[in-house]
Amino acid sequence: LRSSKRQWSISDFDIGKPLGKGKFGRVYLAREIKSNYIIALKVIFKEQIEKYRLHHQLRREMEIQTGLRHPNVLRLYGWFHDAERIFLILEYAHGGELYRQLRKLGHLSERQAATYIASLTQALAYCHEKDVIHRDIKPENLLLDHEGRLKIADFGWSVQSRSKRHTMCGTLDYLAPEMVENKAHDYAVDNWTLGVLCYEFLYGVPPFEAESQKDTFRRIMKVDLSFPSTPDVSAEAKNLITRLLVKDSSKRLSLPKILEHPWIVKNADPMGI
Ligand SMILES: Clc1cnc2c(Nc3ccc(N4CCOCC4)cc3)nc(-c3cccnc3)cn12
């Protein structure tokens, strides 16, 4: 699907089944008719964008996403619009949502968790090089390709799938203390989030989960971190998590240091699968 500047329109595509829906619109499986290329078509309603005054954010996010080329970042090939909708032409992730796999398995093996964390770290290092931060990473924004390779699939318009519980929307679970406190955040928020995800991949629940958002807020601010006795997780994995979930953002393990961490070196599959 050459991402040349040609003008796409809805008549270029056969629309298939809906993959998920969210506040701003839906995602459909689709096929570009001339090339038979399978893509995901994200439909965003203009009146929703206007209502939430998100024009500039959507445009910025789309410009960013189009410029990103990395094996672990979902491609945005292009976009087009009609009177009431904006259409994003996205790479189709055949494996679906990582979230669904995590729920199905309960928790991941140390090898699988380390492989996903290494892929995420490489994708984030690439994004940071391109001055893109805070990719709002949470399991619902992580997809898998046909080989099971992780793809960060968010540009702030994450969608909730029909089948998935909506516990995720509006959750604080993945936000770093400086985010939760609404302070200026920098690149290091993503390092914190990697710690949260690593914990959730290994235990099946996020580290600061609580009954209410208020309690989650308190647990994040206190960095109230504890490791359950089951599943049995290696000391190296706990060491990495502990070195990421640090309140002082300047003291969190850097992305390059994560890739050199013994647990990652020992467990991550170099092919990212
Ligand atoms: Cl963007 C984008 C690119 N590819 C996808 C995709 N792909 C995808 C593939 C396979 C299955 N499976 C459904 C169960 O049986 C196995 C296959 C789901 C989604 N899903 C979403 C999405 C978005 C929101 C909610 N839920 C899914 C967004 N996507």
# chains A, B, ... in the order shown; residues from 1 in each chain; ligands from 1
>>> residues_around(residues="Ala153 (chain A)", least_positions_apart="5", cutoff="9 Å", atoms="only C-alpha atoms", output="list in words")
Asn72, Val73, Leu74, Arg75, Ala93, Ile137, Glu140, Asn141, Leu142, Leu143 and Ser158 of chain A
>>> residues_around(residues="Asn239 (chain A)", least_positions_apart="5", cutoff="9 Å", atoms="only C-alpha atoms", output="JSON, numbers by chain")
{"A": [234, 244, 263]}
>>> write_last_selection(atoms="N, CA, C and O atoms", output="mmCIF file, in the first residue's frame")
data_model
loop_
_atom_site.group_PDB
_atom_site.id
_atom_site.type_symbol
_atom_site.label_atom_id
_atom_site.label_comp_id
_atom_site.auth_asym_id
_atom_site.auth_seq_id
_atom_site.Cartn_x
_atom_site.Cartn_y
_atom_site.Cartn_z
ATOM 1 N N SER A 234 11.049 -14.724 38.803
ATOM 2 C CA SER A 234 12.492 -14.700 39.135
ATOM 3 C C SER A 234 12.887 -13.387 39.808
ATOM 4 O O SER A 234 12.259 -12.341 39.605
ATOM 5 N N LEU A 244 12.362 0.279 37.618
ATOM 6 C CA LEU A 244 11.551 1.119 36.721
ATOM 7 C C LEU A 244 10.476 1.869 37.516
ATOM 8 O O LEU A 244 10.194 3.032 37.242
ATOM 9 N N TRP A 263 17.888 -9.859 33.102
ATOM 10 C CA TRP A 263 16.641 -10.606 32.859
ATOM 11 C C TRP A 263 16.255 -10.527 31.391
ATOM 12 O O TRP A 263 15.816 -11.518 30.805
#
>>> closest_residue(among="A:Leu144, A:Ile133, A:Ala113, A:Leu54", to="ligand 1", atoms="only C-alpha atoms and all ligand atoms")
A:Leu144
>>> residues_near_ligand(ligand="ligand 1", cutoff="9 Å", atoms="only C-alpha atoms and all ligand atoms", output="ChimeraX atom specification")
/A:18-22,26-29,39-42,74-76,88-97,100,140-141,143-146,153-154,158-164
>>> closest_residue(among="A:Gln57, A:Ser212, A:Ser119, A:Asn191", to="Thr171 (chain A)", atoms="only C-alpha atoms")
A:Ser212
>>> select_by_dssp(residues="region 29-264 of chain A", states="alpha helix (DSSP H)", output="PyMOL selection string")
chain A and resi 46-51+55-67+98-105+110-129+177-180+188-203+213-222+235-244+255-260+262-264
>>> residues_around(residues="Lys247 (chain A)", least_positions_apart="2", cutoff="12 Å", atoms="only C-alpha atoms", output="JSON, numbers by chain")
{"A": [175, 176, 177, 178, 179, 180, 181, 188, 189, 191, 192, 193, 195, 219, 220, 221, 222, 223, 224, 225, 242, 243, 244, 245, 249, 250, 251, 252, 253]}
>>> closest_residue(among="A:Leu58, A:Ala114, A:Ile49, A:Leu150", to="Gln101 (chain A)", atoms="only C-alpha atoms")
A:Leu150
>>> closest_residue(among="A:His185, A:Arg85, A:Arg59, A:His70", to="Gly25 (chain A)", atoms="only C-alpha atoms")
A:Arg85
>>> atom_distance(atom1="CA of Glu63 (chain A)", atom2="CA of Ile15 (chain A)")
24.4 Å
